[in-house]
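Shown below: target05.cif, with mmCIF, C-alpha atoms.
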```
data_my_file
#
loop_
_atom_site.group_PDB
_atom_site.id
_atom_site.type_symbol
_atom_site.label_atom_id
_atom_site.label_comp_id
_atom_site.auth_asym_id
_atom_site.auth_seq_id
_atom_site.Cartn_x
_atom_site.Cartn_y
_atom_site.Cartn_z
ATOM 1 C CA MET B 1 31.869 3.307 5.066
ATOM 2 C CA GLU B 2 30.362 5.850 7.459
ATOM 3 C CA ILE B 3 29.453 8.160 4.570
ATOM 4 C CA ALA B 4 27.847 5.233 2.722
ATOM 5 C CA GLY B 5 25.845 4.389 5.846
ATOM 6 C CA GLU B 6 24.630 7.956 6.239
ATOM 7 C CA TYR B 7 23.707 8.052 2.540
ATOM 8 C CA ALA B 8 21.702 4.813 2.907
ATOM 9 C CA TYR B 9 19.943 6.153 6.005
ATOM 10 C CA VAL B 10 18.945 9.405 4.286
ATOM 11 C CA GLY B 11 17.715 7.440 1.260
ATOM 12 C CA ARG B 12 15.577 5.236 3.471
ATOM 13 C CA GLU B 13 14.144 8.251 5.281
ATOM 14 C CA TRP B 14 13.243 9.841 1.919
ATOM 15 C CA VAL B 15 11.473 6.657 0.778
ATOM 16 C CA VAL B 16 9.543 6.346 4.054
ATOM 17 C CA GLU B 17 8.534 10.019 3.997
ATOM 18 C CA THR B 18 7.469 9.804 0.349
ATOM 19 C CA ILE B 19 5.350 6.690 0.856
ATOM 20 C CA VAL B 20 3.853 7.493 4.247
ATOM 21 C CA THR B 21 3.156 11.199 3.777
ATOM 22 C CA ARG B 22 2.845 11.889 0.071
ATOM 23 C CA ILE B 23 1.412 8.609 -1.229
ATOM 24 C CA LEU B 24 -0.579 7.284 1.738
ATOM 25 C CA GLY B 25 -1.353 10.706 3.253
ATOM 26 C CA THR B 26 -0.714 9.603 6.816
ATOM 27 C CA VAL B 27 1.904 9.873 9.570
ATOM 28 C CA THR B 28 4.237 7.376 11.207
ATOM 29 C CA THR B 29 3.546 6.395 14.801
ATOM 30 C CA ASP B 30 6.811 4.506 15.358
ATOM 31 C CA ARG B 31 10.157 4.183 13.612
ATOM 32 C CA VAL B 32 12.712 1.415 13.664
ATOM 33 C CA HIS B 33 15.820 1.703 11.552
ATOM 34 C CA ASN B 34 18.706 -0.717 11.420
ATOM 35 C CA HIS B 35 21.470 -1.154 8.885
ATOM 36 C CA HIS B 36 22.356 -4.582 7.598
ATOM 37 C CA ASN B 37 25.222 -5.835 5.425
ATOM 38 C CA PHE B 38 27.365 -3.058 6.849
ATOM 39 C CA ALA B 39 30.591 -2.682 8.847
ATOM 40 C CA TRP B 40 31.053 -0.795 12.110
ATOM 41 C CA ARG B 41 34.052 -0.052 14.300
ATOM 42 C CA GLU B 42 33.093 -1.445 17.719
ATOM 43 C CA THR B 43 34.605 -2.529 21.010
ATOM 44 C CA HIS B 44 33.919 -6.090 22.177
ATOM 45 C CA GLY B 45 35.654 -7.744 25.129
ATOM 46 C CA GLY B 46 38.010 -4.776 25.460
ATOM 47 C CA GLU B 47 39.169 -5.097 21.844
ATOM 48 C CA THR B 48 38.383 -2.622 19.043
ATOM 49 C CA LEU B 49 37.196 -4.450 15.921
ATOM 50 C CA TRP B 50 35.670 -3.824 12.533
ATOM 51 C CA VAL B 51 32.465 -5.874 12.626
ATOM 52 C CA HIS B 52 30.938 -6.701 9.261
ATOM 53 C CA ARG B 53 27.425 -8.085 9.593
ATOM 54 C CA LYS B 54 26.679 -9.840 6.311
ATOM 55 C CA GLY B 55 23.070 -11.006 6.422
ATOM 56 C CA ALA B 56 22.852 -9.581 9.924
ATOM 57 C CA THR B 57 22.090 -6.417 11.822
ATOM 58 C CA PRO B 58 23.187 -5.056 15.209
ATOM 59 C CA ALA B 59 21.129 -5.967 18.289
ATOM 60 C CA PHE B 60 22.850 -4.217 21.184
ATOM 61 C CA PRO B 61 21.089 -4.302 24.569
ATOM 62 C CA GLY B 62 17.917 -2.220 24.241
ATOM 63 C CA GLN B 63 18.427 -1.569 20.517
ATOM 64 C CA ARG B 64 15.314 -2.142 18.443
ATOM 65 C CA GLY B 65 15.421 -3.767 15.035
ATOM 66 C CA PHE B 66 13.047 -4.749 12.256
ATOM 67 C CA VAL B 67 13.335 -8.259 10.829
ATOM 68 C CA GLY B 68 11.329 -8.981 7.711
ATOM 69 C CA ALA B 69 9.776 -12.270 6.738
ATOM 70 C CA THR B 70 8.125 -13.164 3.440
ATOM 71 C CA MET B 71 5.428 -11.152 1.706
ATOM 72 C CA GLY B 72 2.850 -13.458 3.274
ATOM 73 C CA GLU B 73 4.054 -13.856 6.855
ATOM 74 C CA THR B 74 4.536 -11.769 9.978
ATOM 75 C CA ALA B 75 7.669 -9.678 10.414
ATOM 76 C CA VAL B 76 8.931 -8.678 13.849
ATOM 77 C CA ILE B 77 10.277 -5.738 15.765
ATOM 78 C CA LEU B 78 12.757 -7.018 18.295
ATOM 79 C CA ARG B 79 15.104 -5.682 20.941
ATOM 80 C CA GLY B 80 18.642 -6.770 21.774
ATOM 81 C CA VAL B 81 19.341 -8.164 25.253
ATOM 82 C CA ASP B 82 22.380 -8.082 27.519
ATOM 83 C CA ASN B 83 23.752 -11.529 28.278
ATOM 84 C CA ASP B 84 26.785 -13.697 27.520
ATOM 85 C CA LYS B 85 25.115 -15.411 24.546
ATOM 86 C CA ALA B 86 24.277 -12.065 22.919
ATOM 87 C CA ALA B 87 27.800 -10.748 23.612
ATOM 88 C CA ALA B 88 29.318 -13.885 22.017
ATOM 89 C CA ALA B 89 27.288 -13.059 18.880
ATOM 90 C CA LEU B 90 28.796 -9.527 18.965
ATOM 91 C CA PHE B 91 25.270 -8.274 19.686
ATOM 92 C CA SER B 92 24.076 -9.282 16.218
ATOM 93 C CA THR B 93 20.942 -10.868 14.837
ATOM 94 C CA VAL B 94 19.436 -11.684 11.442
ATOM 95 C CA HIS B 95 17.934 -9.050 9.173
ATOM 96 C CA GLY B 96 15.527 -11.402 7.413
ATOM 97 C CA ALA B 97 14.369 -14.973 7.081
ATOM 98 C CA GLY B 98 17.026 -15.927 4.515
ATOM 99 C CA ARG B 99 16.628 -17.526 1.105
ATOM 100 C CA VAL B 100 16.251 -21.254 0.458
ATOM 101 C CA MET B 101 15.852 -20.863 -3.303
ATOM 102 C CA SER B 102 17.922 -18.753 -5.685
ATOM 103 C CA ARG B 103 16.255 -16.083 -7.778
ATOM 104 C CA THR B 104 17.107 -17.965 -10.965
ATOM 105 C CA GLN B 105 15.708 -21.230 -9.590
ATOM 106 C CA ALA B 106 12.461 -19.442 -8.671
ATOM 107 C CA LEU B 107 12.072 -17.397 -11.877
ATOM 108 C CA GLY B 108 13.705 -19.596 -14.458
ATOM 109 C CA ARG B 109 16.225 -18.382 -17.001
ATOM 110 C CA TYR B 110 15.588 -15.459 -19.329
ATOM 111 C CA ARG B 111 17.430 -13.791 -22.171
ATOM 112 C CA GLY B 112 16.990 -10.192 -23.265
ATOM 113 C CA TRP B 113 15.109 -7.334 -21.673
ATOM 114 C CA GLY B 114 11.825 -5.494 -22.180
ATOM 115 C CA LYS B 115 9.875 -6.650 -25.235
ATOM 116 C CA ARG B 116 12.802 -8.878 -26.234
ATOM 117 C CA ARG B 117 12.800 -10.772 -22.937
ATOM 118 C CA LYS B 118 12.220 -14.485 -23.508
ATOM 119 C CA GLN B 119 12.115 -17.315 -20.988
ATOM 120 C CA VAL B 120 14.568 -20.062 -21.929
ATOM 121 C CA ALA B 121 14.092 -22.330 -18.870
ATOM 122 C CA PRO B 122 11.079 -22.550 -16.525
ATOM 123 C CA GLY B 123 11.209 -21.555 -12.867
ATOM 124 C CA ALA B 124 10.129 -23.607 -9.863
ATOM 125 C CA VAL B 125 7.603 -21.101 -8.458
ATOM 126 C CA ASP B 126 3.974 -20.799 -9.550
ATOM 127 C CA PHE B 127 3.597 -17.094 -8.828
ATOM 128 C CA ALA B 128 -0.032 -16.939 -9.980
ATOM 129 C CA ARG B 129 -0.825 -19.397 -7.172
ATOM 130 C CA TRP B 130 0.961 -17.140 -4.673
ATOM 131 C CA ARG B 131 -0.897 -14.045 -5.891
ATOM 132 C CA ALA B 132 -4.196 -15.880 -5.321
ATOM 133 C CA GLU B 133 -3.058 -17.129 -1.893
ATOM 134 C CA LEU B 134 -1.986 -13.656 -0.759
ATOM 135 C CA LYS B 135 -5.299 -12.224 -1.925
ATOM 136 C CA ARG B 136 -7.115 -14.992 0.011
ATOM 137 C CA ARG B 137 -5.148 -13.931 3.126
ATOM 138 C CA GLY B 138 -6.233 -10.318 2.638
ATOM 139 C CA ILE B 139 -2.792 -9.082 1.564
ATOM 140 C CA GLU B 140 -2.694 -6.514 -1.244
ATOM 141 C CA LEU B 141 0.290 -7.233 -3.508
ATOM 142 C CA ARG B 142 1.609 -4.679 -5.962
ATOM 143 C CA GLY B 143 4.573 -5.725 -8.058
ATOM 144 C CA GLY B 144 6.756 -8.564 -6.903
ATOM 145 C CA GLY B 145 7.703 -11.707 -8.739
ATOM 146 C CA ALA B 146 8.307 -15.402 -8.329
ATOM 147 C CA ASP B 147 11.777 -14.720 -6.908
ATOM 148 C CA GLU B 148 10.170 -13.091 -3.838
ATOM 149 C CA ALA B 149 7.456 -15.714 -3.234
ATOM 150 C CA PRO B 150 7.193 -17.106 0.301
ATOM 151 C CA GLU B 151 8.495 -20.533 -0.735
ATOM 152 C CA CYS B 152 11.836 -18.906 -1.634
ATOM 153 C CA TYR B 153 12.533 -18.144 2.037
ATOM 154 C CA LYS B 154 13.021 -19.892 5.359
ATOM 155 C CA ARG B 155 10.342 -19.529 8.003
ATOM 156 C CA LEU B 156 11.239 -16.529 10.167
ATOM 157 C CA ASP B 157 10.157 -18.129 13.446
ATOM 158 C CA ALA B 158 12.561 -21.037 12.866
ATOM 159 C CA VAL B 159 15.398 -18.606 12.123
ATOM 160 C CA LEU B 160 14.618 -16.556 15.237
ATOM 161 C CA GLU B 161 14.480 -19.726 17.342
ATOM 162 C CA ALA B 162 18.151 -20.272 16.465
ATOM 163 C CA HIS B 163 18.801 -16.839 18.036
ATOM 164 C CA ALA B 164 16.754 -17.497 21.172
ATOM 165 C CA GLY B 165 18.164 -15.719 24.195
ATOM 166 C CA THR B 166 19.958 -13.024 22.176
ATOM 167 C CA VAL B 167 16.875 -10.942 21.313
ATOM 168 C CA GLU B 168 13.332 -10.377 22.563
ATOM 169 C CA ILE B 169 10.362 -10.049 20.219
ATOM 170 C CA GLU B 170 8.574 -6.765 20.899
ATOM 171 C CA HIS B 171 5.901 -6.806 18.161
ATOM 172 C CA ARG B 172 4.667 -9.032 15.342
ATOM 173 C CA LEU B 173 3.565 -7.227 12.197
ATOM 174 C CA ARG B 174 1.061 -8.955 9.911
ATOM 175 C CA PRO B 175 1.305 -7.734 6.322
ATOM 176 C CA VAL B 176 -1.759 -6.096 4.815
ATOM 177 C CA GLY B 177 -0.002 -4.734 1.744
ATOM 178 C CA VAL B 178 3.232 -5.433 -0.086
ATOM 179 C CA ALA B 179 4.703 -3.133 -2.730
ATOM 180 C CA MET B 180 7.859 -3.930 -4.660
ATOM 181 C CA ALA B 181 9.211 -3.577 -8.158
ATOM 182 C CA GLY B 182 7.562 -5.945 -10.604
ATOM 183 C CA PRO B 183 9.270 -8.279 -13.056
ATOM 184 C CA ASP B 184 9.107 -5.589 -15.737
ATOM 185 C CA VAL B 185 11.436 -3.284 -13.755
ATOM 186 C CA TYR B 186 15.153 -3.670 -14.448
ATOM 187 C CA ASP B 187 17.253 -3.615 -11.281
ATOM 188 C CA PRO B 188 20.996 -4.025 -11.937
ATOM 189 C CA TYR B 189 21.662 -4.254 -8.171
ATOM 190 C CA LYS B 190 19.245 -7.092 -7.389
ATOM 191 C CA ASP B 191 21.205 -9.738 -5.537
#
```

Write-out of the structure in structure tokens:
Amino acid sequence: MEIAGEYAYVGREWVVETIVTRILGTVTTDRVHNHHNFAWRETHGGETLWVHRKGATPAFPGQRGFVGATMGETAVILRGVDNDKAAAALFSTVHGAGRVMSRTQALGRYRGWGKRRKQVAPGAVDFARWRAELKRRGIELRGGGADEAPECYKRLDAVLEAHAGTVEIEHRLRPVGVAMAGPDVYDPYKD
């Protein structure tokens, strides 16, 4: 597990370096990195435990974390706090807003791949409407698909409200650009 975590961290650093330096030609002014969907060996209440945070990330006192929202809403950088409520949550918080609609429900059902890909059942999301809405908000979208549209997710502020008292919001980050694989990219690991 530790080797897998280190591998994931190095991969993330490579992606950030490639995008920030080579593609955008700029430098980072701040970095926040936090694993999610990972297990750690930790001590809580005098007991050593394996803590698996599925859909969550650590938020130990003073530890900073990034929590993403949808492609059209503000994300946050937060910091863990030291109190009984945070300790009862094993110093954990969310790593994102959380889905309210499955990918299949959003996209519809398809058969085949590439030029042979055919839709066999319609999806619930009008992605062309979302592209227009994001453009209206001044957000540049490259790639993406109906399965990542804002209506597929909970509102981040409501999710964070459920964690009130366990974390402090340090910064709100308004998206100006979103880049993700498009519907024409095959990803066998997409959840």

Open item on the list: Going by the chain IDs and residue numbers used in this file, which residues fall under the PyMOL selection byres ((chain B and resi 146) around 6)? Write them as a ChimeraX atom specification.
Closed with: /B:106-107,125,127,145,147-149

So that I have them on file, write out the residues from the current selection with C-alpha atoms, as a short mmCIF file (atom, residue, chain, number, x, y, z; two decimals), keeping the file's coordinate frame.
```cif
data_model
loop_
_atom_site.label_atom_id
_atom_site.label_comp_id
_atom_site.auth_asym_id
_atom_site.auth_seq_id
_atom_site.Cartn_x
_atom_site.Cartn_y
_atom_site.Cartn_z
CA ALA B 106 12.46 -19.44 -8.67
CA LEU B 107 12.07 -17.40 -11.88
CA VAL B 125 7.60 -21.10 -8.46
CA PHE B 127 3.60 -17.09 -8.83
CA GLY B 145 7.70 -11.71 -8.74
CA ASP B 147 11.78 -14.72 -6.91
CA GLU B 148 10.17 -13.09 -3.84
CA ALA B 149 7.46 -15.71 -3.23
#
```

Task: Separation of CA of Gly177 in chain B from CA of Val15 in chain B in Å - done: 16.2 Å

TODO: Could you check which of B:Pro122, B:Gly80, B:Gly96, B:Gly143 is closest to Phe60 in chain B, using all atoms listed in the file?
DONE: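 Result for the nearest residue to Phe60 in chain B: B:Gly80.
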
Open item on the list: Evaluated on this file, the PyMOL selection byres ((chain B and resi 45) around 12) picks out some residues - which ones are they, written as number ranges by chain?
Closed with: B: 42-44, 46-49, 84, 87-91

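Going from CA of Asp157 in chain B over to CA of Ala124 in chain B, you cover 23.9 Å.
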
Task: Explicit residues for the PyMOL selection byres ((chain B and resi 180) around 9) (as an NGL selection string) - done: :B and (141-145 or 178-179 or 181-182)

Export C-alpha atoms of the chosen residues as a PDB file, in the frame of the given file?
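Printed below is result.pdb as written:
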```pdb
ATOM      1  CA  LEU B 141       0.290  -7.233  -3.508  1.00  0.00           C
ATOM      2  CA  ARG B 142       1.609  -4.679  -5.962  1.00  0.00           C
ATOM      3  CA  GLY B 143       4.573  -5.725  -8.058  1.00  0.00           C
ATOM      4  CA  GLY B 144       6.756  -8.564  -6.903  1.00  0.00           C
ATOM      5  CA  GLY B 145       7.703 -11.707  -8.739  1.00  0.00           C
ATOM      6  CA  VAL B 178       3.232  -5.433  -0.086  1.00  0.00           C
ATOM      7  CA  ALA B 179       4.703  -3.133  -2.730  1.00  0.00           C
ATOM      8  CA  ALA B 181       9.211  -3.577  -8.158  1.00  0.00           C
ATOM      9  CA  GLY B 182       7.562  -5.945 -10.604  1.00  0.00           C
TER      10      GLY B 182
END
```

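The nearest approach to Arg53 in chain B among the residues B:Thr18, B:Thr166, B:Ser92, B:Thr74, with all atoms listed in the file taken into account, belongs to B:Ser92.
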
Counting all atoms listed in the file, which residues come within 10 Å of (6.7, -12.0, 16.2), with the point read in the file's coordinates, and could you list them as a PDB file with C-alpha atoms, in the coordinates of the input?
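Saved result, selection.pdb, follows:
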```
ATOM      1  CA  VAL B  67      13.335  -8.259  10.829  1.00  0.00           C
ATOM      2  CA  ALA B  69       9.776 -12.270   6.738  1.00  0.00           C
ATOM      3  CA  GLU B  73       4.054 -13.856   6.855  1.00  0.00           C
ATOM      4  CA  THR B  74       4.536 -11.769   9.978  1.00  0.00           C
ATOM      5  CA  ALA B  75       7.669  -9.678  10.414  1.00  0.00           C
ATOM      6  CA  VAL B  76       8.931  -8.678  13.849  1.00  0.00           C
ATOM      7  CA  ILE B  77      10.277  -5.738  15.765  1.00  0.00           C
ATOM      8  CA  LEU B  78      12.757  -7.018  18.295  1.00  0.00           C
ATOM      9  CA  LEU B 156      11.239 -16.529  10.167  1.00  0.00           C
ATOM     10  CA  ASP B 157      10.157 -18.129  13.446  1.00  0.00           C
ATOM     11  CA  LEU B 160      14.618 -16.556  15.237  1.00  0.00           C
ATOM     12  CA  GLU B 168      13.332 -10.377  22.563  1.00  0.00           C
ATOM     13  CA  ILE B 169      10.362 -10.049  20.219  1.00  0.00           C
ATOM     14  CA  GLU B 170       8.574  -6.765  20.899  1.00  0.00           C
ATOM     15  CA  HIS B 171       5.901  -6.806  18.161  1.00  0.00           C
ATOM     16  CA  ARG B 172       4.667  -9.032  15.342  1.00  0.00           C
ATOM     17  CA  LEU B 173       3.565  -7.227  12.197  1.00  0.00           C
ATOM     18  CA  ARG B 174       1.061  -8.955   9.911  1.00  0.00           C
TER      19      ARG B 174
END
```
